[in-house]
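K.L.:
Got a structure for you, run.cif, holding mmCIF, C-alpha atoms and all ligand atoms.
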data_structure
#
loop_
_atom_site.label_atom_id
_atom_site.label_comp_id
_atom_site.auth_asym_id
_atom_site.auth_seq_id
_atom_site.Cartn_x
_atom_site.Cartn_y
_atom_site.Cartn_z
CA MET A 1 8.80 69.99 5.88
CA PRO A 2 12.16 68.86 4.52
CA ALA A 3 13.22 71.33 1.93
CA THR A 4 14.38 70.31 -1.45
CA PHE A 5 14.38 71.32 -5.03
CA ASP A 6 14.59 67.64 -5.98
CA ALA A 7 10.81 67.39 -5.82
CA LEU A 8 10.70 70.10 -8.40
CA LYS A 9 12.89 68.16 -10.75
CA ARG A 10 10.30 65.38 -10.65
CA VAL A 11 7.70 67.87 -11.79
CA ILE A 12 9.74 69.34 -14.60
CA PRO A 13 12.76 67.15 -15.34
CA GLY A 14 15.96 68.67 -16.57
CA SER A 15 16.72 72.30 -17.02
CA ALA A 16 13.86 74.73 -17.14
CA PRO A 17 13.62 76.19 -20.62
CA MET A 18 15.24 79.59 -20.89
CA ALA A 19 13.16 81.27 -23.55
CA PRO A 20 15.07 83.14 -26.25
CA ALA A 21 16.33 86.44 -24.89
CA THR A 22 15.68 88.55 -27.92
CA GLY A 23 13.60 88.60 -31.03
CA THR A 24 10.60 86.80 -29.53
CA ALA A 25 7.11 87.81 -30.56
CA PRO A 26 4.88 89.28 -27.85
CA LEU A 27 2.97 86.64 -25.91
CA ASP A 28 -0.80 86.48 -26.02
CA ILE A 29 -1.29 87.07 -22.28
CA PRO A 30 -4.91 88.11 -21.64
CA ILE A 31 -5.30 91.81 -20.72
CA PRO A 32 -8.93 92.36 -19.66
CA ASP A 33 -10.43 95.79 -18.96
CA VAL A 34 -9.38 97.67 -15.84
CA THR A 35 -11.74 97.18 -12.85
CA ASP A 36 -12.85 99.71 -10.22
CA LEU A 37 -11.72 97.71 -7.21
CA GLY A 38 -12.52 99.51 -3.94
CA SER A 39 -12.08 103.26 -4.37
CA SER A 40 -9.44 105.27 -6.16
CA ILE A 41 -6.66 107.20 -4.42
CA HIS A 42 -5.20 110.19 -6.23
CA THR A 43 -2.95 111.68 -3.53
CA LEU A 44 0.16 109.99 -4.93
CA ASP A 45 -0.57 110.66 -8.62
CA ARG A 46 1.70 113.70 -8.68
CA VAL A 47 4.75 111.51 -8.02
CA HIS A 48 4.04 109.55 -11.20
CA THR A 49 3.42 112.75 -13.15
CA ASP A 50 6.78 114.12 -12.01
CA ILE A 51 8.59 110.93 -13.01
CA THR A 52 7.14 111.19 -16.50
CA GLU A 53 7.47 114.93 -16.98
CA SER A 54 10.45 116.04 -14.86
CA GLY A 55 12.42 112.91 -14.01
CA PRO A 56 13.29 111.03 -10.83
CA GLY A 57 15.14 113.90 -9.11
CA ALA A 58 12.07 116.13 -9.01
CA ALA A 59 9.88 113.14 -8.20
CA LEU A 60 11.96 112.39 -5.10
CA ARG A 61 10.88 115.64 -3.45
CA THR A 62 7.30 115.06 -4.51
CA ALA A 63 7.39 111.47 -3.16
CA ARG A 64 8.15 112.82 0.30
CA SER A 65 5.36 115.39 0.36
CA ALA A 66 2.74 113.19 -1.32
CA ALA A 67 3.48 110.28 1.02
CA ALA A 68 3.08 112.56 4.06
CA ASP A 69 -0.33 113.65 2.72
CA PHE A 70 -1.38 110.08 1.98
CA ARG A 71 -0.31 108.97 5.45
CA ARG A 72 -2.80 111.34 7.08
CA GLU A 73 -5.67 110.37 4.78
CA PHE A 74 -5.03 106.67 5.00
CA ALA A 75 -4.85 106.57 8.81
CA ALA A 76 -8.41 107.96 8.86
CA THR A 77 -9.86 105.04 6.84
CA GLY A 78 -9.81 102.64 9.82
CA THR A 79 -8.19 99.23 10.23
CA PRO A 80 -8.85 95.80 8.72
CA ALA A 81 -10.33 92.98 10.83
CA HIS A 82 -7.29 90.72 10.58
CA VAL A 83 -3.69 90.67 9.38
CA SER A 84 -1.28 87.74 9.79
CA THR A 85 1.97 86.67 8.16
CA HIS A 86 3.03 83.11 7.31
CA ASP A 87 6.56 81.95 6.49
CA LEU A 88 6.62 80.03 3.19
CA VAL A 89 10.26 79.47 2.25
CA THR A 90 13.79 80.62 3.13
CA LEU A 91 16.11 80.63 0.16
CA PRO A 92 19.39 82.09 -1.12
CA TYR A 93 19.39 85.32 -3.10
CA PRO A 94 22.40 87.07 -4.63
CA THR A 95 23.98 89.47 -2.12
CA LYS A 96 24.74 92.00 -4.86
CA PHE A 97 21.04 92.19 -5.73
CA GLY A 98 19.61 92.17 -2.21
CA LEU A 99 21.99 94.74 -0.73
CA TRP A 100 22.91 96.41 -4.02
CA ARG A 101 26.42 97.91 -3.90
CA ALA A 102 26.53 98.38 -0.14
CA PRO A 103 27.67 95.14 1.54
CA ALA A 104 31.27 94.48 2.49
CA SER A 105 30.73 90.71 2.67
CA PRO A 106 32.11 88.77 -0.30
CA VAL A 107 29.57 85.91 0.12
CA PRO A 108 27.62 85.42 -3.09
CA PHE A 109 24.32 84.76 -1.38
CA LEU A 110 22.30 86.15 1.48
CA PHE A 111 19.09 84.48 2.67
CA ILE A 112 15.54 85.78 2.48
CA THR A 113 12.31 84.40 3.93
CA ASN A 114 9.29 84.80 1.71
CA ARG A 115 6.05 85.28 3.63
CA MET A 116 2.37 85.32 2.75
CA VAL A 117 0.15 87.95 4.32
CA VAL A 118 -3.53 87.24 5.05
CA ILE A 119 -5.76 90.34 5.25
CA ARG A 120 -9.48 90.31 6.09
CA TRP A 121 -11.92 93.20 6.28
CA LEU A 122 -15.59 94.07 5.91
CA ASP A 123 -16.78 96.03 2.89
CA SER A 124 -19.06 98.99 3.58
CA ASP A 125 -22.10 96.75 2.92
CA GLY A 126 -20.84 94.22 5.49
CA THR A 127 -19.45 91.68 2.99
CA PRO A 128 -16.36 89.95 4.44
CA ARG A 129 -13.31 90.07 2.14
CA THR A 130 -10.08 88.10 2.19
CA LEU A 131 -6.89 89.07 0.36
CA LEU A 132 -3.78 86.90 0.18
CA TRP A 133 -0.66 88.97 -0.46
CA GLU A 134 2.24 86.94 -1.91
CA PRO A 135 0.56 83.48 -1.94
CA SER A 136 3.56 82.04 -3.78
CA ASP A 137 3.47 78.59 -5.35
CA VAL A 138 6.99 77.85 -4.14
CA GLU A 139 7.26 74.67 -6.19
CA LEU A 140 6.39 76.15 -9.59
CA ASP A 141 8.07 79.48 -8.87
CA SER A 142 11.41 77.71 -8.65
CA ASN A 143 11.25 77.18 -12.43
CA THR A 144 11.89 80.90 -12.97
CA PRO A 145 14.85 80.95 -15.40
CA TYR A 146 17.18 82.66 -12.92
CA PHE A 147 16.50 80.17 -10.11
CA ALA A 148 16.39 77.17 -12.43
CA THR A 149 19.85 78.06 -13.70
CA LEU A 150 21.09 78.38 -10.12
CA ARG A 151 19.43 75.07 -9.13
CA ASP A 152 21.01 73.18 -12.01
CA ALA A 153 24.43 74.48 -11.00
CA THR A 154 24.01 73.44 -7.35
CA PRO A 155 24.44 69.86 -6.09
CA GLY A 156 21.29 68.36 -4.57
CA ALA A 157 22.88 67.87 -1.13
CA VAL A 158 23.71 71.56 -0.95
CA GLN A 159 20.21 72.53 -2.07
CA ASN A 160 18.72 70.40 0.71
CA GLN A 161 20.70 72.37 3.27
CA ILE A 162 20.12 75.86 2.01
CA VAL A 163 16.48 75.96 0.89
CA ARG A 164 13.99 75.59 3.73
CA GLU A 165 10.29 75.28 3.05
CA HIS A 166 8.18 76.19 6.09
CA THR A 167 4.54 75.85 5.14
CA THR A 168 2.31 75.96 2.08
CA VAL A 169 -0.31 78.58 1.35
CA GLN A 170 -3.04 75.99 1.90
CA GLN A 171 -1.61 74.85 5.25
CA ALA A 172 -1.34 78.43 6.47
CA LEU A 173 -4.96 79.14 5.58
CA ALA A 174 -6.16 75.99 7.31
CA ARG A 175 -4.35 77.12 10.45
CA GLU A 176 -6.20 80.45 10.30
CA GLY A 177 -9.52 78.66 9.80
CA ILE A 178 -10.02 80.16 6.32
CA ARG A 179 -11.53 78.05 3.54
CA GLN A 180 -9.94 78.32 0.11
CA GLU A 181 -13.33 79.24 -1.41
CA ASP A 182 -13.54 82.22 0.94
CA VAL A 183 -10.54 83.94 -0.62
CA ASP A 184 -11.58 86.90 -2.82
CA TYR A 185 -8.29 88.38 -3.96
CA LEU A 186 -4.71 87.27 -4.57
CA ALA A 187 -1.96 89.82 -5.19
CA PHE A 188 1.80 90.05 -5.43
CA ASP A 189 3.93 93.14 -5.24
CA HIS A 190 5.09 92.23 -8.74
CA LEU A 191 5.12 89.07 -10.82
CA HIS A 192 8.83 88.22 -10.79
CA THR A 193 9.14 84.42 -10.33
CA GLN A 194 5.36 83.83 -10.14
CA ASP A 195 3.48 80.98 -11.77
CA VAL A 196 -0.15 81.34 -10.68
CA ARG A 197 -1.73 78.57 -12.75
CA ARG A 198 -2.51 76.34 -9.75
CA LEU A 199 -3.85 79.30 -7.78
CA ILE A 200 -6.48 80.59 -10.24
CA GLY A 201 -6.57 77.76 -12.80
CA THR A 202 -6.20 77.71 -16.58
CA THR A 203 -8.59 77.49 -19.54
CA THR A 204 -6.65 74.69 -21.29
CA PRO A 205 -4.56 71.63 -20.31
CA GLN A 206 -0.94 72.39 -19.43
CA ALA A 207 1.69 69.97 -20.72
CA ASP A 208 3.91 70.19 -17.65
CA ILE A 209 1.43 70.05 -14.76
CA SER A 210 -1.98 68.98 -16.13
CA PRO A 211 -1.72 67.37 -19.59
CA GLU A 212 -5.26 65.97 -19.71
CA ALA A 213 -7.44 68.78 -18.41
CA PRO A 214 -7.30 72.48 -17.53
CA VAL A 215 -5.57 73.18 -14.22
CA PRO A 216 -8.21 73.47 -11.46
CA ALA A 217 -8.09 76.61 -9.32
CA ALA A 218 -6.97 76.14 -5.71
CA PHE A 219 -8.96 79.32 -4.97
CA PRO A 220 -12.18 78.88 -6.94
CA ASN A 221 -13.58 82.34 -6.18
CA ALA A 222 -10.39 84.40 -6.15
CA ARG A 223 -9.12 86.88 -8.70
CA LEU A 224 -5.55 88.04 -9.19
CA VAL A 225 -5.22 91.78 -8.54
CA VAL A 226 -2.49 93.10 -10.81
CA GLN A 227 -1.45 96.44 -12.29
CA ARG A 228 -2.23 96.62 -15.98
CA ALA A 229 1.35 97.84 -16.55
CA GLU A 230 2.75 94.60 -15.12
CA LEU A 231 0.81 92.32 -17.47
CA LEU A 232 1.58 94.58 -20.43
CA ALA A 233 5.29 94.32 -19.61
CA MET A 234 5.05 90.54 -19.31
CA ARG A 235 3.61 90.27 -22.80
CA ASP A 236 6.80 91.63 -24.27
CA LEU A 237 9.74 91.36 -21.86
CA HIS A 238 13.09 93.06 -22.24
CA PRO A 239 16.17 90.78 -21.98
CA MET A 240 16.98 92.39 -18.61
CA GLN A 241 13.58 91.37 -17.26
CA ARG A 242 13.32 87.92 -18.79
CA PRO A 243 15.39 85.81 -16.32
CA TRP A 244 12.96 86.78 -13.56
CA TYR A 245 9.59 86.05 -15.15
CA GLN A 246 7.63 83.00 -16.30
CA PRO A 247 5.41 84.79 -18.84
CA GLU A 248 4.49 81.63 -20.76
CA THR A 249 2.57 80.43 -17.70
CA PHE A 250 0.19 83.42 -17.96
CA VAL A 251 -1.00 82.82 -21.52
CA ASP A 252 -3.76 80.32 -20.67
CA LEU A 253 -5.12 82.06 -17.58
CA ASP A 254 -8.85 82.80 -17.58
CA PRO A 255 -9.31 86.55 -18.20
CA GLU A 256 -12.26 86.46 -15.78
CA ARG A 257 -9.79 85.61 -13.01
CA LEU A 258 -7.60 88.65 -13.66
CA LEU A 259 -8.63 91.79 -11.83
CA LEU A 260 -6.68 94.57 -13.47
CA ILE A 261 -6.12 97.87 -11.71
CA ASP A 262 -4.37 100.93 -13.07
CA GLY A 263 -3.49 103.20 -10.19
CA ASP A 264 -3.69 103.34 -6.40
CA ARG A 265 -6.73 101.71 -4.76
CA LEU A 266 -8.23 101.68 -1.28
CA LEU A 267 -9.58 98.13 -0.95
CA GLY A 268 -11.08 98.43 2.50
CA PRO A 269 -10.59 100.13 5.89
CA GLY A 270 -6.84 100.44 6.36
CA VAL A 271 -6.04 98.32 3.26
CA ALA A 272 -4.54 99.91 0.14
CA ILE A 273 -2.48 98.88 -2.87
CA VAL A 274 -0.32 101.68 -4.27
CA ARG A 275 1.92 101.76 -7.33
CA THR A 276 5.66 101.71 -6.63
CA PRO A 277 7.29 101.19 -10.05
CA GLY A 278 11.02 100.79 -10.56
CA HIS A 279 11.96 97.33 -9.31
CA ALA A 280 9.41 96.09 -11.85
CA THR A 281 7.26 98.07 -14.25
CA GLY A 282 4.00 97.24 -12.50
CA ASN A 283 5.37 97.08 -8.96
CA GLN A 284 2.85 97.73 -6.19
CA THR A 285 3.01 97.98 -2.39
CA LEU A 286 0.49 96.79 0.19
CA VAL A 287 -0.22 99.48 2.79
CA LEU A 288 -1.98 98.51 6.02
CA ASN A 289 -3.20 100.43 9.05
CA THR A 290 -3.10 98.39 12.26
CA GLY A 291 -3.15 98.80 16.01
CA THR A 292 0.50 99.86 15.83
CA GLY A 293 0.01 102.30 12.96
CA ILE A 294 0.85 102.16 9.29
CA TRP A 295 2.84 99.40 7.60
CA ALA A 296 4.04 98.97 4.03
CA MET A 297 4.95 95.65 2.45
CA SER A 298 6.85 95.10 -0.79
CA GLU A 299 10.12 93.72 -2.11
CA ASN A 300 11.69 97.08 -2.84
CA VAL A 301 14.27 96.42 -0.11
CA VAL A 302 15.17 93.17 1.67
CA ALA A 303 15.41 94.50 5.24
CA THR A 304 13.75 97.44 6.94
CA GLU A 305 17.22 98.74 7.86
CA CYS A 306 17.76 99.34 4.14
CA LEU A 307 15.36 102.29 4.53
CA THR A 308 17.36 103.66 7.48
CA PRO A 309 20.84 102.40 6.53
CA GLU A 310 22.50 104.79 9.01
CA HIS A 311 21.37 102.36 11.74
CA SER A 312 22.48 99.16 9.99
CA THR A 313 25.25 97.05 11.49
CA ILE A 314 25.54 94.87 8.36
CA PRO A 315 29.20 95.40 7.41
CA GLY A 316 29.45 98.00 4.66
CA VAL A 317 25.87 99.22 4.58
CA ALA A 318 25.95 102.35 6.78
CA GLY A 319 29.32 103.43 5.41
CA TRP A 320 28.27 102.98 1.79
CA ALA A 321 25.06 104.96 2.30
CA ARG A 322 26.99 107.78 4.01
CA LYS A 323 29.77 107.83 1.42
CA TRP A 324 27.40 108.11 -1.53
CA GLY A 325 24.72 110.22 0.15
CA GLN A 326 21.98 107.62 -0.37
CA GLU A 327 19.19 107.20 2.14
CA VAL A 328 17.96 103.79 0.98
CA VAL A 329 19.62 100.56 -0.19
CA ILE A 330 17.40 99.11 -2.91
CA ASN A 331 16.76 95.46 -3.80
CA ALA A 332 17.98 95.54 -7.38
CA ASN A 333 17.87 92.37 -9.41
CA THR A 334 16.62 93.77 -12.70
CA ILE A 335 17.59 97.46 -12.41
CA GLU A 336 14.68 98.24 -14.74
CA SER A 337 14.44 101.79 -13.44
CA THR A 338 16.74 102.18 -10.49
CA ALA A 339 16.32 105.88 -9.62
CA THR A 340 12.54 105.51 -9.82
CA GLN A 341 12.69 102.55 -7.44
CA TYR A 342 14.71 104.70 -5.04
CA ASP A 343 11.99 107.38 -5.14
CA PHE A 344 9.28 104.88 -4.27
CA CYS A 345 11.40 103.46 -1.44
CA VAL A 346 11.45 107.00 -0.03
CA LEU A 347 7.68 107.13 -0.51
CA GLU A 348 7.32 103.86 1.45
CA LYS A 349 9.71 105.13 4.09
CA THR A 350 7.70 108.31 4.54
CA LEU A 351 4.27 106.80 4.87
CA VAL A 352 4.93 104.14 7.55
CA ASP A 353 5.26 104.40 11.32
CA ARG A 354 8.29 103.49 13.40
CA ALA A 355 8.74 99.94 14.72
CA GLN A 356 7.53 99.59 18.30
CA ALA A 357 10.39 97.29 19.30
CA ASP A 358 13.11 99.65 18.06
CA GLY A 359 12.34 103.17 16.86
CA ARG A 360 15.44 103.33 14.67
CA PHE A 361 13.63 101.03 12.27
CA LEU A 362 10.38 101.39 10.36
CA GLN A 363 7.18 99.39 9.94
CA PHE A 364 8.26 98.53 6.45
CA PHE A 365 7.98 94.74 6.18
CA PRO A 366 9.82 93.22 3.20
CA THR A 367 7.70 90.33 1.92
CA SER A 368 11.01 88.59 1.31
CA GLU A 369 12.90 89.53 4.49
CA LEU A 370 16.64 89.18 5.07
CA THR A 371 17.17 86.23 7.45
CA PRO A 372 20.34 85.26 9.37
CA SER A 373 22.09 82.14 8.07
CA VAL A 374 25.38 80.41 8.78
CA PHE A 375 25.74 80.30 4.99
CA GLY A 376 25.58 84.09 4.73
CA PRO A 377 28.31 85.53 6.99
CA GLY A 378 28.39 89.31 6.98
CA THR A 379 24.71 89.62 6.03
CA ARG A 380 23.02 89.22 9.43
CA PRO A 381 20.21 91.76 9.72
CA THR A 382 20.32 94.28 12.55
CA PHE A 383 16.54 94.08 12.99
CA GLU A 384 13.88 91.68 11.67
CA HIS A 385 10.11 91.96 11.80
CA ARG A 386 9.69 88.18 11.41
CA GLY A 387 5.91 88.38 11.72
CA LEU A 388 2.89 90.64 12.02
CA ARG A 389 -0.46 89.88 13.59
CA HIS A 390 -3.36 92.27 13.97
CA ASP A 391 -6.91 91.48 15.02
CA ALA A 392 -9.38 94.31 15.39
ZN ZN A 401 11.61 91.14 -8.00
#
If you took the structure in this file and wrote it as structure tokens, what would it be?
P.N.:
Amino acid sequence: MPATFDALKRVIPGSAPMAPATGTAPLDIPIPDVTDLGSSIHTLDRVHTDITESGPGAALRTARSAAADFRREFAATGTPAHVSTHDLVTLPYPTKFGLWRAPASPVPFLFITNRMVVIRWLDSDGTPRTLLWEPSDVELDSNTPYFATLRDATPGAVQNQIVREHTTVQQALAREGIRQEDVDYLAFDHLHTQDVRRLIGTTTPQADISPEAPVPAAFPNARLVVQRAELLAMRDLHPMQRPWYQPETFVDLDPERLLLIDGDRLLGPGVAIVRTPGHATGNQTLVLNTGTGIWAMSENVVATECLTPEHSTIPGVAGWARKWGQEVVINANTIESTATQYDFCVLEKTLVDRAQADGRFLQFFPTSELTPSVFGPGTRPTFEHRGLRHDA
């Protein structure tokens, strides 16, 4: 599909509105009661307790031991029936966010490919379940204030060259033979950039995309699985968070379509969602057990080599990590809670297995993965996962 942001300008002409940075009243985003999805996991709770009571330094040690414990327990839960990844869009992302302070390259942008993950399993009573992880509405997500500002500063011809759309969520599902009504759950590692109105529908008409009637849900039976902390934060954003969210688009969502969780949950055999706050308040990571062992997926880093930077050949990365004694290179666009994010990167690093193709790297799969581009010299990844497929 030819890639362009021009189509987006037809949807919402002109600049996307940057809401006032300060002094705004909290938004009336629905916050329904927390749901008991799957079963609770408490093995990692002590990391969160340490963060609150002793600070991120103490929590770092606890993250390592708790993740090692969780790894053993989780591997014993089995594996899901199916896992597959689907490339949605490749787009520019500021180098100083994606590779933090490590890269030597002066290029302002590196490139990341955002992927959707399809996970299917059977509940204990035999009910088939389907979860879509990161089913991004690429078109509406581009109205995020940060990206809209970037788009308006970039000539259309340049945009056409640098943003590549690969497939839509609906096309990817059709290829897998999954009907949209069969999807039970949608989830994102956090809600930066997301506008989910067309995914789960709205209760009222929406001036920009459906002025006459409520927005119909593309997934009529699906609910959005989200940490309560994330929605609470979106109600009342800090100026440092605001450029990355579209909170106004959450106000008219149907509360029945929001499945709030508050903690770590085992959804099915070899499928878990665990809290990994720091990058965003309600950040969460998908953890999967497959035929090749345990994987974790989030946006806490942009390349798996950022969890083992000593093996990175991206100019600057290994040297920076060695010089400053840091064992991970975080993806830091909002720096909401940077040391806490570091701790949860170590947790992710500890609970996954090594990559089969190259044991220097881990089965950590960034949902937005660093991708080589002629427009991003000096940011070529040493190792990419590119895709994951598991069928039990
Ligand atoms: Zn983010």
K.L.:
Around (2.0, 79.9, -17.5) in the file's own coordinates, what residues are found within 12 Å if you use all atoms listed in the file, given back as a ChimeraX atom specification?
P.N.:
/A:27-30,140-141,143-144,191,193-210,214-215,234-235,245-254
K.L.:
Can you tell me which residues sit at most 7 Å away from ligand ZN 401 (chain A), counting all atoms listed in the file, written as a PyMOL selection string?
P.N.:
chain A and resi 190+192+279-280+299+333
K.L.:
For Ala296 of chain A, which residue among A:Pro377, A:Gly38, A:Pro108, A:Gly270 is the nearest when counting all atoms listed in the file?
P.N.:
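Looking only at the distances to Ala296 of chain A, the closest residue turns out to be A:Gly270.
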K.L.:
Could you check which of A:Pro315, A:Gly387, A:Gly263, A:Gly293 is closest to Ala75 of chain A, using all atoms listed in the file?
P.N.:
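So, comparing all the options, the nearest one is A:Gly293.
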K.L.:
What separation in Å, quoted to one decimal, exists between atom CA of Ala332 of chain A and atom CA of Leu91 of chain A?
P.N.:
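Separation between atom CA of Ala332 of chain A and atom CA of Leu91 of chain A: 16.8 Å.
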K.L.:
Write out as a PDB file with C-alpha atoms, keeping the file's coordinate frame each polymer residue whose atoms come within 7 Å of Gly282 of chain A, counting only C-alpha atoms; drop sequence neighbours fewer than 6 positions from it.
P.N.:
ATOM      1  CA  HIS A 190       5.090  92.230  -8.740  1.00  0.00           C
ATOM      2  CA  GLN A 227      -1.450  96.440 -12.290  1.00  0.00           C
ATOM      3  CA  ALA A 229       1.350  97.840 -16.550  1.00  0.00           C
ATOM      4  CA  GLU A 230       2.750  94.600 -15.120  1.00  0.00           C
TER       5      GLU A 230
END
K.L.:
Show me, as a ChimeraX atom specification, the residues that have an atom within 6 Å of Arg265 of chain A when counting all atoms listed in the file, minus same-chain residues fewer than 4 positions from it.
P.N.:
/A:39-41,272-273
K.L.:
Would you list the contacts of Asp189 of chain A as number ranges by chain, taking every protein, DNA or RNA residue within 10 Å and counting only C-alpha atoms, but skipping same-chain residues closer than 4 positions in sequence?
P.N.:
A: 133-134, 225-227, 273-277, 279-280, 282-286, 297-300, 367
K.L.:
So, with all atoms listed in the file as the atoms that count, which of A:His48, A:Arg257, A:Arg179, A:Arg223 lies closest to Gln341 of chain A?
P.N.:
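For Gln341 of chain A, the nearest of the given residues is A:His48.
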K.L.:
From the options A:Thr350, A:Asp33, A:Pro145, A:Ala355, which residue's atoms come nearest to Thr62 of chain A, counting all atoms listed in the file?
P.N.:
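Ranking A:Thr350, A:Asp33, A:Pro145, A:Ala355 by distance to Thr62 of chain A, first place goes to A:Thr350.
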K.L.:
How many Å separate atom CA of His166 of chain A from atom CA of Glu305 of chain A?
P.N.:
24.4 Å
K.L.:
Can you find the residues with an atom no farther than 8 Å from (26.5, 95.4, 8.5), counting all atoms listed in the file, and report them as number ranges by chain?
P.N.:
A: 103-104, 312-318, 378-382
K.L.:
Calculated over all atoms listed in the file, which of the candidates A:Pro92, A:Pro128, A:Pro106, A:Pro32 has the smallest distance to Leu267 of chain A?
P.N.:
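Under the stated criterion, the closest residue is A:Pro128.
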